[in-house]
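A.B. asks: Data file data-v4.pdb (PDB, C-alpha atoms) is appended below.
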```
ATOM      1  CA  MET A   1      74.755  35.102 -43.063
ATOM      2  CA  ARG A   2      78.292  34.064 -42.217
ATOM      3  CA  PHE A   3      79.924  30.760 -43.193
ATOM      4  CA  GLU A   4      82.764  28.809 -41.585
ATOM      5  CA  ILE A   5      84.056  25.937 -43.708
ATOM      6  CA  PHE A   6      85.748  22.833 -42.346
ATOM      7  CA  ARG A   7      87.593  20.858 -45.017
ATOM      8  CA  LYS A   8      90.869  18.993 -44.750
ATOM      9  CA  ARG A   9      91.422  16.576 -47.607
ATOM     10  CA  GLY A  10      89.200  15.628 -50.509
ATOM     11  CA  ASN A  11      85.852  17.272 -51.174
ATOM     12  CA  ALA A  12      83.818  16.449 -48.059
ATOM     13  CA  ARG A  13      83.022  19.617 -46.120
ATOM     14  CA  SER A  14      81.158  20.738 -43.047
ATOM     15  CA  VAL A  15      79.949  24.333 -43.188
ATOM     16  CA  THR A  16      78.698  26.171 -40.116
ATOM     17  CA  ILE A  17      76.078  28.755 -41.067
ATOM     18  CA  HIS A  18      75.622  31.685 -38.692
ATOM     19  CA  SER A  19      72.511  33.841 -38.989
ATOM     20  CA  SER A  20      71.941  36.535 -36.363
ATOM     21  CA  ASP A  21      71.269  34.577 -33.163
ATOM     22  CA  LYS A  22      71.069  31.068 -34.624
ATOM     23  CA  GLY A  23      73.202  28.618 -36.526
ATOM     24  CA  THR A  24      73.289  25.254 -38.242
ATOM     25  CA  THR A  25      75.904  22.935 -39.701
ATOM     26  CA  THR A  26      76.103  21.014 -42.956
ATOM     27  CA  PRO A  27      75.558  18.452 -44.234
ATOM     28  CA  ILE A  28      71.962  19.359 -43.542
ATOM     29  CA  TYR A  29      68.659  17.731 -44.516
ATOM     30  CA  PHE A  30      65.443  19.717 -45.011
ATOM     31  CA  PRO A  31      62.240  17.637 -44.683
ATOM     32  CA  SER A  32      60.045  19.025 -47.444
ATOM     33  CA  VAL A  33      56.272  19.137 -47.831
ATOM     34  CA  SER A  34      54.208  19.546 -50.992
ATOM     35  CA  THR A  35      50.480  19.516 -51.615
ATOM     36  CA  SER A  36      50.994  17.798 -54.962
ATOM     37  CA  GLY A  37      49.384  14.396 -54.665
ATOM     38  CA  ASN A  38      49.119  14.842 -50.911
ATOM     39  CA  GLN A  39      45.863  15.770 -49.190
ATOM     40  CA  TRP A  40      47.537  15.766 -45.748
ATOM     41  CA  ALA A  41      50.233  18.322 -46.579
ATOM     42  CA  MET A  42      49.138  20.987 -44.118
ATOM     43  CA  LYS A  43      48.945  18.446 -41.292
ATOM     44  CA  LEU A  44      52.537  17.499 -42.111
ATOM     45  CA  VAL A  45      53.567  21.153 -42.006
ATOM     46  CA  LYS A  46      51.937  21.460 -38.571
ATOM     47  CA  PHE A  47      53.798  18.318 -37.478
ATOM     48  CA  LEU A  48      57.137  19.873 -38.467
ATOM     49  CA  LEU A  49      56.266  23.167 -36.827
ATOM     50  CA  LYS A  50      55.808  21.362 -33.507
ATOM     51  CA  ASN A  51      58.761  19.006 -33.947
ATOM     52  CA  PRO A  52      62.259  19.938 -32.666
ATOM     53  CA  PHE A  53      63.830  19.175 -36.069
ATOM     54  CA  PRO A  54      65.856  22.329 -36.900
ATOM     55  CA  CYS A  55      64.705  23.018 -40.462
ATOM     56  CA  MET A  56      62.109  22.349 -43.151
ATOM     57  CA  LEU A  57      61.170  23.186 -46.748
ATOM     58  CA  ILE A  58      57.815  24.400 -48.016
ATOM     59  CA  SER A  59      56.632  25.575 -51.425
ATOM     60  CA  ALA A  60      55.819  29.172 -52.277
ATOM     61  CA  TYR A  61      52.966  27.814 -54.378
ATOM     62  CA  ASP A  62      51.445  26.096 -51.340
ATOM     63  CA  PHE A  63      52.014  29.168 -49.173
ATOM     64  CA  TYR A  64      50.192  31.311 -51.750
ATOM     65  CA  HIS A  65      47.119  29.064 -51.669
ATOM     66  CA  LEU A  66      47.282  28.897 -47.890
ATOM     67  CA  TYR A  67      47.631  32.622 -47.358
ATOM     68  CA  GLU A  68      43.936  33.527 -47.465
ATOM     69  CA  SER A  69      42.548  30.298 -46.013
ATOM     70  CA  ASP A  70      44.540  29.730 -42.802
ATOM     71  CA  THR A  71      46.009  32.901 -41.334
ATOM     72  CA  ARG A  72      46.995  31.135 -38.120
ATOM     73  CA  LEU A  73      49.118  28.579 -39.970
ATOM     74  CA  VAL A  74      50.626  31.331 -42.134
ATOM     75  CA  GLN A  75      51.668  33.161 -38.970
ATOM     76  CA  SER A  76      53.175  29.982 -37.522
ATOM     77  CA  ILE A  77      55.208  29.467 -40.689
ATOM     78  CA  ASN A  78      56.411  33.068 -40.584
ATOM     79  CA  ASN A  79      57.425  32.633 -36.943
ATOM     80  CA  TYR A  80      59.374  29.448 -37.716
ATOM     81  CA  SER A  81      62.683  31.062 -38.645
ATOM     82  CA  ILE A  82      62.226  33.731 -35.968
ATOM     83  CA  ASN A  83      62.108  30.972 -33.360
ATOM     84  CA  GLY A  84      65.616  29.721 -34.122
ATOM     85  CA  LYS A  85      64.979  27.273 -36.965
ATOM     86  CA  PHE A  86      65.789  27.472 -40.672
ATOM     87  CA  LEU A  87      63.124  27.692 -43.371
ATOM     88  CA  LEU A  88      63.788  27.010 -47.050
ATOM     89  CA  VAL A  89      61.086  28.020 -49.545
ATOM     90  CA  ASP A  90      61.208  26.636 -53.054
ATOM     91  CA  SER A  91      59.642  28.398 -56.003
ATOM     92  CA  GLY A  92      56.597  26.194 -56.598
ATOM     93  CA  GLY A  93      57.664  24.922 -59.999
ATOM     94  CA  TYR A  94      57.043  21.309 -58.990
ATOM     95  CA  GLU A  95      53.477  22.089 -57.949
ATOM     96  CA  ARG A  96      52.916  24.154 -61.094
ATOM     97  CA  ARG A  97      53.904  21.211 -63.281
ATOM     98  CA  TRP A  98      52.016  18.674 -61.176
ATOM     99  CA  ASN A  99      48.801  20.745 -61.240
ATOM    100  CA  ASP A 100      49.372  22.075 -64.762
ATOM    101  CA  ASP A 101      48.809  25.542 -63.335
ATOM    102  CA  GLN A 102      50.023  28.070 -65.880
ATOM    103  CA  LYS A 103      48.805  30.932 -63.683
ATOM    104  CA  TRP A 104      51.809  30.415 -61.421
ATOM    105  CA  ASP A 105      54.236  32.857 -63.024
ATOM    106  CA  PHE A 106      57.098  35.103 -61.969
ATOM    107  CA  ASN A 107      54.836  37.855 -60.648
ATOM    108  CA  LEU A 108      52.905  35.512 -58.341
ATOM    109  CA  TYR A 109      56.171  33.928 -57.235
ATOM    110  CA  LYS A 110      57.627  37.364 -56.438
ATOM    111  CA  VAL A 111      54.579  38.637 -54.541
ATOM    112  CA  THR A 112      54.306  35.417 -52.546
ATOM    113  CA  MET A 113      57.988  35.292 -51.618
ATOM    114  CA  GLN A 114      57.734  38.811 -50.234
ATOM    115  CA  LYS A 115      55.046  37.618 -47.799
ATOM    116  CA  ILE A 116      57.157  34.809 -46.344
ATOM    117  CA  LYS A 117      59.762  35.226 -43.615
ATOM    118  CA  THR A 118      62.337  32.709 -44.773
ATOM    119  CA  ASP A 119      66.056  32.083 -44.407
ATOM    120  CA  PHE A 120      66.563  30.603 -47.878
ATOM    121  CA  TYR A 121      64.620  30.688 -51.137
ATOM    122  CA  THR A 122      65.134  29.229 -54.599
ATOM    123  CA  SER A 123      64.897  30.776 -58.023
ATOM    124  CA  LEU A 124      61.744  30.227 -60.042
ATOM    125  CA  ASP A 125      61.924  27.033 -62.078
ATOM    126  CA  VAL A 126      62.553  27.701 -65.750
ATOM    127  CA  ASP A 127      59.903  26.482 -68.160
ATOM    128  CA  PRO A 128      61.144  23.158 -69.645
ATOM    129  CA  SER A 129      60.987  24.639 -73.160
ATOM    130  CA  ALA A 130      63.607  27.238 -72.148
ATOM    131  CA  ILE A 131      66.137  24.977 -70.403
ATOM    132  CA  LEU A 132      68.373  24.859 -73.494
ATOM    133  CA  ASP A 133      68.449  28.667 -73.727
ATOM    134  CA  ARG A 134      71.283  29.623 -71.378
ATOM    135  CA  LYS A 135      70.546  33.351 -71.599
ATOM    136  CA  THR A 136      66.964  32.767 -70.455
ATOM    137  CA  VAL A 137      68.108  30.508 -67.613
ATOM    138  CA  PHE A 138      70.662  33.042 -66.374
ATOM    139  CA  LYS A 139      68.222  35.961 -66.689
ATOM    140  CA  ASN A 140      65.697  34.007 -64.624
ATOM    141  CA  ILE A 141      68.329  33.476 -61.908
ATOM    142  CA  LEU A 142      69.287  37.146 -61.828
ATOM    143  CA  ASP A 143      65.632  38.241 -61.759
ATOM    144  CA  SER A 144      64.862  35.801 -58.931
ATOM    145  CA  TYR A 145      67.845  37.059 -56.944
ATOM    146  CA  ALA A 146      66.285  40.520 -56.838
ATOM    147  CA  VAL A 147      63.029  39.261 -55.278
ATOM    148  CA  LEU A 148      64.279  39.256 -51.675
ATOM    149  CA  LYS A 149      67.122  41.125 -50.006
ATOM    150  CA  ASP A 150      67.113  39.684 -46.489
ATOM    151  CA  SER A 151      67.174  35.957 -47.365
ATOM    152  CA  GLN A 152      69.861  33.713 -48.811
ATOM    153  CA  PHE A 153      69.223  32.905 -52.468
ATOM    154  CA  LEU A 154      69.523  29.417 -53.992
ATOM    155  CA  PRO A 155      69.612  29.574 -57.789
ATOM    156  CA  ILE A 156      68.433  26.326 -59.366
ATOM    157  CA  PHE A 157      70.593  25.209 -62.282
ATOM    158  CA  ASP A 158      69.070  22.945 -64.917
ATOM    159  CA  GLY A 159      70.409  20.532 -67.482
ATOM    160  CA  THR A 160      68.844  17.926 -69.731
ATOM    161  CA  VAL A 161      72.036  15.875 -69.290
ATOM    162  CA  PRO A 162      74.794  16.147 -66.625
ATOM    163  CA  LYS A 163      77.259  17.715 -69.070
ATOM    164  CA  GLN A 164      74.858  20.567 -69.814
ATOM    165  CA  LEU A 165      74.182  21.089 -66.106
ATOM    166  CA  ILE A 166      77.903  21.256 -65.348
ATOM    167  CA  THR A 167      78.537  23.671 -68.230
ATOM    168  CA  ASN A 168      75.713  25.982 -67.143
ATOM    169  CA  ILE A 169      77.156  26.232 -63.648
ATOM    170  CA  GLU A 170      80.663  26.811 -64.988
ATOM    171  CA  LYS A 171      79.527  29.545 -67.389
ATOM    172  CA  PHE A 172      77.525  31.285 -64.671
ATOM    173  CA  LEU A 173      80.420  31.224 -62.202
ATOM    174  CA  ASP A 174      82.761  32.499 -64.896
ATOM    175  CA  ALA A 175      80.522  35.545 -65.247
ATOM    176  CA  HIS A 176      79.450  35.880 -61.585
ATOM    177  CA  PRO A 177      82.039  34.153 -59.331
ATOM    178  CA  ASN A 178      81.076  35.999 -56.128
ATOM    179  CA  PHE A 179      77.422  36.684 -56.877
ATOM    180  CA  ILE A 180      75.859  33.806 -54.928
ATOM    181  CA  GLN A 181      76.558  31.773 -51.772
ATOM    182  CA  PHE A 182      74.532  28.705 -52.782
ATOM    183  CA  ILE A 183      73.990  26.527 -55.834
ATOM    184  CA  ALA A 184      71.003  24.179 -56.162
ATOM    185  CA  VAL A 185      70.673  21.214 -58.526
ATOM    186  CA  ARG A 186      68.067  18.471 -58.869
ATOM    187  CA  GLU A 187      69.198  14.946 -58.109
ATOM    188  CA  ARG A 188      67.383  13.647 -61.185
ATOM    189  CA  ASP A 189      69.556  15.885 -63.399
ATOM    190  CA  LEU A 190      72.814  14.457 -62.022
ATOM    191  CA  GLY A 191      72.714  11.233 -64.036
ATOM    192  CA  VAL A 192      71.271   7.730 -64.050
ATOM    193  CA  THR A 193      73.454   5.612 -61.767
ATOM    194  CA  LEU A 194      74.730   6.444 -58.302
ATOM    195  CA  SER A 195      78.306   6.636 -59.579
ATOM    196  CA  GLU A 196      77.317   8.987 -62.429
ATOM    197  CA  LYS A 197      75.398  11.229 -60.037
ATOM    198  CA  ALA A 198      78.324  11.272 -57.600
ATOM    199  CA  ARG A 199      80.721  12.070 -60.456
ATOM    200  CA  THR A 200      78.538  15.034 -61.424
ATOM    201  CA  ILE A 201      78.624  16.283 -57.820
ATOM    202  CA  TYR A 202      82.409  15.842 -57.828
ATOM    203  CA  LYS A 203      82.764  17.845 -61.065
ATOM    204  CA  ILE A 204      80.513  20.637 -59.801
ATOM    205  CA  ARG A 205      82.555  20.903 -56.602
ATOM    206  CA  LYS A 206      85.777  21.100 -58.676
ATOM    207  CA  ILE A 207      84.248  23.879 -60.781
ATOM    208  CA  ILE A 208      83.238  25.759 -57.633
ATOM    209  CA  ASP A 209      86.777  25.366 -56.311
ATOM    210  CA  ASP A 210      88.224  26.734 -59.556
ATOM    211  CA  HIS A 211      85.677  29.419 -60.443
ATOM    212  CA  GLY A 212      83.461  30.090 -57.454
ATOM    213  CA  ASN A 213      83.417  31.283 -53.887
ATOM    214  CA  ASP A 214      83.107  28.069 -51.820
ATOM    215  CA  GLN A 215      79.377  27.979 -52.625
ATOM    216  CA  ILE A 216      77.183  25.587 -50.670
ATOM    217  CA  LEU A 217      75.830  22.886 -52.983
ATOM    218  CA  HIS A 218      72.204  21.903 -52.362
ATOM    219  CA  VAL A 219      70.691  18.754 -53.932
ATOM    220  CA  LEU A 220      66.951  18.985 -54.456
ATOM    221  CA  GLY A 221      64.912  15.798 -54.033
ATOM    222  CA  CYS A 222      67.583  13.691 -52.312
ATOM    223  CA  GLY A 223      66.689  11.845 -49.110
ATOM    224  CA  HIS A 224      68.148   8.366 -49.600
ATOM    225  CA  PRO A 225      70.703   7.896 -46.808
ATOM    226  CA  LEU A 226      73.361   6.172 -48.923
ATOM    227  CA  SER A 227      73.067   8.784 -51.687
ATOM    228  CA  LEU A 228      73.208  11.561 -49.132
ATOM    229  CA  ALA A 229      76.391  10.136 -47.615
ATOM    230  CA  VAL A 230      78.038   9.572 -51.015
ATOM    231  CA  TYR A 231      77.187  13.043 -52.304
ATOM    232  CA  SER A 232      78.480  14.568 -49.062
ATOM    233  CA  TYR A 233      81.776  12.761 -49.575
ATOM    234  CA  PHE A 234      82.107  14.258 -53.050
ATOM    235  CA  GLY A 235      81.240  17.822 -52.057
ATOM    236  CA  ALA A 236      77.489  18.314 -51.608
ATOM    237  CA  ASP A 237      76.371  20.178 -48.489
ATOM    238  CA  SER A 238      72.600  20.334 -48.275
ATOM    239  CA  PHE A 239      69.617  18.150 -49.190
ATOM    240  CA  ASP A 240      65.846  18.018 -49.136
ATOM    241  CA  SER A 241      63.158  15.483 -49.985
ATOM    242  CA  ARG A 242      59.639  14.283 -49.245
ATOM    243  CA  ASP A 243      60.952  10.821 -48.318
ATOM    244  CA  TRP A 244      60.450  11.462 -44.609
ATOM    245  CA  TYR A 245      56.680  11.063 -45.010
ATOM    246  CA  LEU A 246      56.620   8.685 -47.980
ATOM    247  CA  LYS A 247      59.068   5.991 -46.815
ATOM    248  CA  THR A 248      60.519   4.519 -43.638
ATOM    249  CA  LEU A 249      64.143   5.419 -42.990
ATOM    250  CA  ASP A 250      66.479   2.548 -42.134
ATOM    251  CA  THR A 251      69.870   4.031 -41.318
ATOM    252  CA  LYS A 252      71.338   0.701 -40.193
ATOM    253  CA  CYS A 253      71.038  -0.665 -43.725
ATOM    254  CA  LEU A 254      71.133   2.765 -45.417
ATOM    255  CA  LEU A 255      67.768   2.142 -47.068
ATOM    256  CA  LEU A 256      64.382   3.724 -47.542
ATOM    257  CA  ARG A 257      61.821   1.018 -46.834
ATOM    258  CA  ASP A 258      58.106   0.806 -47.482
ATOM    259  CA  LEU A 259      56.119   3.122 -45.239
ATOM    260  CA  SER A 260      54.540   0.130 -43.496
ATOM    261  CA  HIS A 261      57.791  -1.647 -42.590
ATOM    262  CA  LEU A 262      58.695   0.069 -39.338
ATOM    263  CA  GLU A 263      57.481  -2.853 -37.246
ATOM    264  CA  LEU A 264      59.822  -5.203 -39.156
ATOM    265  CA  MET A 265      62.939  -3.206 -38.295
ATOM    266  CA  HIS A 266      62.949  -3.785 -34.526
ATOM    267  CA  CYS A 267      64.212  -0.234 -34.196
ATOM    268  CA  ASN A 268      65.368   0.947 -30.796
ATOM    269  CA  CYS A 269      65.340   4.715 -31.422
ATOM    270  CA  ASP A 270      63.642   7.035 -28.949
ATOM    271  CA  ALA A 271      60.624   7.397 -31.243
ATOM    272  CA  CYS A 272      60.087   3.651 -31.486
ATOM    273  CA  LYS A 273      60.267   3.304 -27.696
ATOM    274  CA  THR A 274      57.246   5.561 -27.262
ATOM    275  CA  THR A 275      53.722   4.302 -26.708
ATOM    276  CA  GLU A 276      52.382   6.179 -29.749
ATOM    277  CA  LYS A 277      49.542   4.026 -31.118
ATOM    278  CA  ASN A 278      49.122   5.781 -34.451
ATOM    279  CA  LEU A 279      51.627   3.848 -36.579
ATOM    280  CA  TYR A 280      51.899   6.535 -39.253
ATOM    281  CA  ALA A 281      52.625   9.200 -36.633
ATOM    282  CA  LYS A 282      55.150   6.870 -35.029
ATOM    283  CA  THR A 283      56.856   6.357 -38.398
ATOM    284  CA  LEU A 284      57.072  10.110 -38.965
ATOM    285  CA  ILE A 285      58.628  10.647 -35.548
ATOM    286  CA  HIS A 286      61.025   7.744 -36.216
ATOM    287  CA  ASN A 287      62.035   9.234 -39.577
ATOM    288  CA  ILE A 288      62.652  12.732 -38.223
ATOM    289  CA  THR A 289      64.573  11.356 -35.243
ATOM    290  CA  CYS A 290      66.746   9.102 -37.401
ATOM    291  CA  TYR A 291      67.383  11.694 -40.122
ATOM    292  CA  LEU A 292      68.696  14.100 -37.501
ATOM    293  CA  LYS A 293      70.968  11.481 -35.935
ATOM    294  CA  PHE A 294      72.177  10.327 -39.340
ATOM    295  CA  ILE A 295      73.019  13.878 -40.423
ATOM    296  CA  ASN A 296      74.890  14.463 -37.171
ATOM    297  CA  ASP A 297      76.829  11.219 -37.740
ATOM    298  CA  ILE A 298      77.835  12.309 -41.260
ATOM    299  CA  GLN A 299      79.008  15.657 -39.899
ATOM    300  CA  ARG A 300      81.138  13.822 -37.330
ATOM    301  CA  TYR A 301      82.594  11.434 -39.934
ATOM    302  CA  ILE A 302      83.625  14.415 -42.047
ATOM    303  CA  LYS A 303      85.352  16.179 -39.175
ATOM    304  CA  ASP A 304      87.048  12.948 -38.055
ATOM    305  CA  GLU A 305      87.982  12.181 -41.699
ATOM    306  CA  LYS A 306      86.177   8.833 -41.511
ATOM    307  CA  LEU A 307      83.457   9.306 -44.127
ATOM    308  CA  ARG A 308      85.390   7.356 -46.762
ATOM    309  CA  GLU A 309      85.848   4.498 -44.298
ATOM    310  CA  TYR A 310      82.119   4.620 -43.513
ATOM    311  CA  LEU A 311      81.211   4.350 -47.219
ATOM    312  CA  LEU A 312      83.584   1.427 -47.739
ATOM    313  CA  LYS A 313      81.848  -0.397 -44.894
ATOM    314  CA  ASN A 314      78.443   0.207 -46.443
ATOM    315  CA  GLY A 315      78.530  -1.124 -49.970
ATOM    316  CA  LEU A 316      81.010   0.996 -51.895
ATOM    317  CA  ASN A 317      84.525  -0.087 -52.797
ATOM    318  CA  THR A 318      87.819   1.643 -53.443
ATOM    319  CA  SER A 319      87.728   1.112 -57.207
ATOM    320  CA  MET A 320      84.296   2.732 -57.452
ATOM    321  CA  LEU A 321      85.431   5.780 -55.483
ATOM    322  CA  LYS A 322      88.553   6.097 -57.638
ATOM    323  CA  GLN A 323      86.494   5.708 -60.811
ATOM    324  CA  ILE A 324      84.239   8.576 -59.772
ATOM    325  CA  GLU A 325      87.271  10.755 -59.060
ATOM    326  CA  SER A 326      89.097   9.838 -62.275
TER
END
```
Give the structure from this file in structure tokens form.
C.D. replies:
Amino acid sequence: MRFEIFRKRGNARSVTIHSSDKGTTTPIYFPSVSTSGNQWAMKLVKFLLKNPFPCMLISAYDFYHLYESDTRLVQSINNYSINGKFLLVDSGGYERRWNDDQKWDFNLYKVTMQKIKTDFYTSLDVDPSAILDRKTVFKNILDSYAVLKDSQFLPIFDGTVPKQLITNIEKFLDAHPNFIQFIAVRERDLGVTLSEKARTIYKIRKIIDDHGNDQILHVLGCGHPLSLAVYSYFGADSFDSRDWYLKTLDTKCLLLRDLSHLELMHCNCDACKTTEKNLYAKTLIHNITCYLKFINDIQRYIKDEKLREYLLKNGLNTSMLKQIES
């Protein structure tokens, strides 16, 4: 893959990713699907496969359990990135914890990843008992990197508190400054408040600037529009979440509403103008349509250097932005 970075002042960036005969631009949002607590997961995957949205995230754990039961769907997933879209596969650690499935180990992760045709894949989640052992965390990243050669690797960095997360990234980049093109962190590890999370993003971007190689910063589990815009301003590039099928996206107010609230929004998007009678299906189409438009708007604000102005119009203030940057 080849990367072209647009960045003038501050930390907000827009990165164009070129891969053979296709491309995409950050900030980018990956709608993700998980079977954990969700009996309709495979129907949602089929929905995304048919939808023009340019990317999605699935779990290696779910792919493994799907592999023998639905060969047609497996083939469709493997054709997804071939057909000009971008597939991100995470390691299945979330599903392993949710299902308390200790059988899901590195060997199963490795074998499964080698069966998937994907553009991006994450490192295997470290067992929570090993998060404080930096050597174990780094070894897990290096071992995961060797699983695939033809896909871009996203190492997941952990931290029980933001300071530990930041230090782990800094120590890794000190030792391997040009080893990786991406860095992935979980939104829940960034802090408690929005300003603390944004400050952590800001510090990580500064560390990348000082020690790294312009790595793309991916935030796992982030789909709230205001958070996405704020993190983009402070240097994050890529996001994923399950919010697109759990909530209703309201980009006018920068909110995630209850799943049943679409009819209260008087939305005028193309999806809401359709005659679709299934309200859940209509909400999904609305969410995908509005996420794509919102992401495109953020990209434009970055290139026009108007993202700060946009944030100030939508609930933030100058003192808060300066406090985060202090």
A.B. asks: For the structure shown, which residues end up in the PyMOL selection byres ((chain A and resi 216) around 8)? Put them as a compact mmCIF listing (two decimals) with C-alpha atoms, keeping the file's coordinate frame, please?
C.D. replies:
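Saved the output as result_37.txt:
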```txt
# COMPACT_ATOMS: atom_id res chain seq x y z
CA GLN A 181 76.56 31.77 -51.77
CA PHE A 182 74.53 28.70 -52.78
CA ILE A 183 73.99 26.53 -55.83
CA ASP A 214 83.11 28.07 -51.82
CA GLN A 215 79.38 27.98 -52.62
CA LEU A 217 75.83 22.89 -52.98
CA HIS A 218 72.20 21.90 -52.36
CA ALA A 236 77.49 18.31 -51.61
CA ASP A 237 76.37 20.18 -48.49
CA SER A 238 72.60 20.33 -48.28
```
A.B. asks: Would you work out the distance separating atom CA of A:Pro27 from atom CA of A:Phe239, expressed in Å to one decimal?
C.D. replies: 7.7 Å
A.B. asks: Starting from the shown file, work through the PyMOL selection byres ((chain A and resi 251) around 10) and note down what comes out as a list in words.
C.D. replies: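 Applying the PyMOL selection byres ((chain A and resi 251) around 10) to the structure shown produces His224, Pro225, Leu226, Thr248, Leu249, Asp250, Lys252, Cys253, Leu254, Leu255, Leu256, Asn287, Cys290, Tyr291, Lys293 and Phe294 of chain A.
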A.B. asks: Which residue is closest to A:Glu325? Choose from A:Asn11, A:Ser81, A:Gln299, A:Thr136 and count all atoms listed in the file.
C.D. replies: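 Once distances to A:Glu325 are computed over all atoms listed in the file, the minimum belongs to A:Asn11.
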A.B. asks: Which residues are close to A:Tyr109, i.e. within 9 Å by all atoms listed in the file, leaving aside same-chain residues fewer than 5 positions away? Reply as a short mmCIF file (atom, residue, chain, number, x, y, z; two decimals) with C-alpha atoms, in the frame of the given file.
C.D. replies:
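What ended up in result-v3.cif:
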```cif
data_model
loop_
_atom_site.label_atom_id
_atom_site.label_comp_id
_atom_site.auth_asym_id
_atom_site.auth_seq_id
_atom_site.Cartn_x
_atom_site.Cartn_y
_atom_site.Cartn_z
CA ALA A 60 55.82 29.17 -52.28
CA TYR A 61 52.97 27.81 -54.38
CA TYR A 64 50.19 31.31 -51.75
CA SER A 91 59.64 28.40 -56.00
CA GLY A 92 56.60 26.19 -56.60
CA TRP A 104 51.81 30.42 -61.42
CA GLN A 114 57.73 38.81 -50.23
CA LEU A 124 61.74 30.23 -60.04
CA VAL A 147 63.03 39.26 -55.28
#
```
A.B. asks: Go through the shown structure with the PyMOL selection byres ((chain A and resi 37-41) around 12) and write out the matching residues as a CSV table (one decimal) with C-alpha atoms, keeping the file's coordinate frame.
C.D. replies:
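Written output follows (selection_4.csv):
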```
chain,number,residue,atom,x,y,z
A,32,SER,CA,60.0,19.0,-47.4
A,33,VAL,CA,56.3,19.1,-47.8
A,34,SER,CA,54.2,19.5,-51.0
A,35,THR,CA,50.5,19.5,-51.6
A,36,SER,CA,51.0,17.8,-55.0
A,42,MET,CA,49.1,21.0,-44.1
A,43,LYS,CA,48.9,18.4,-41.3
A,44,LEU,CA,52.5,17.5,-42.1
A,45,VAL,CA,53.6,21.2,-42.0
A,46,LYS,CA,51.9,21.5,-38.6
A,47,PHE,CA,53.8,18.3,-37.5
A,48,LEU,CA,57.1,19.9,-38.5
A,57,LEU,CA,61.2,23.2,-46.7
A,58,ILE,CA,57.8,24.4,-48.0
A,59,SER,CA,56.6,25.6,-51.4
A,62,ASP,CA,51.4,26.1,-51.3
A,63,PHE,CA,52.0,29.2,-49.2
A,66,LEU,CA,47.3,28.9,-47.9
A,94,TYR,CA,57.0,21.3,-59.0
A,95,GLU,CA,53.5,22.1,-57.9
A,97,ARG,CA,53.9,21.2,-63.3
A,98,TRP,CA,52.0,18.7,-61.2
A,99,ASN,CA,48.8,20.7,-61.2
A,242,ARG,CA,59.6,14.3,-49.2
A,245,TYR,CA,56.7,11.1,-45.0
A,246,LEU,CA,56.6,8.7,-48.0
```
A.B. asks: As an exercise, work out the distance from atom CA of A:Arg7 to atom CA of A:Leu165 in Å and give it to one decimal place.
C.D. replies: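 These atoms are spaced 25.0 Å apart.
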A.B. asks: Select, counting all atoms listed in the file, all protein, DNA and RNA residues no farther than 9 Å from (68.5, 33.5, -53.4) in file coordinates, and express the selection as a PyMOL selection string.
C.D. replies: chain A and resi 120-123+141+144-149+151-155+180-182
A.B. asks: Tell me, as a list in words, which residues lie within 10 Å of A:Ser20, counting only C-alpha atoms; anything in the same chain fewer than 6 positions away does not count.
C.D. replies: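 In the requested format, the answer is Met1, Arg2 and Gly84 of chain A.
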A.B. asks: Would you work out the distance separating atom CA of A:Tyr233 from atom CA of A:Phe30, expressed in Å to one decimal?
C.D. replies: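 Pair atom CA of A:Tyr233 / atom CA of A:Phe30 returns 18.3 Å.
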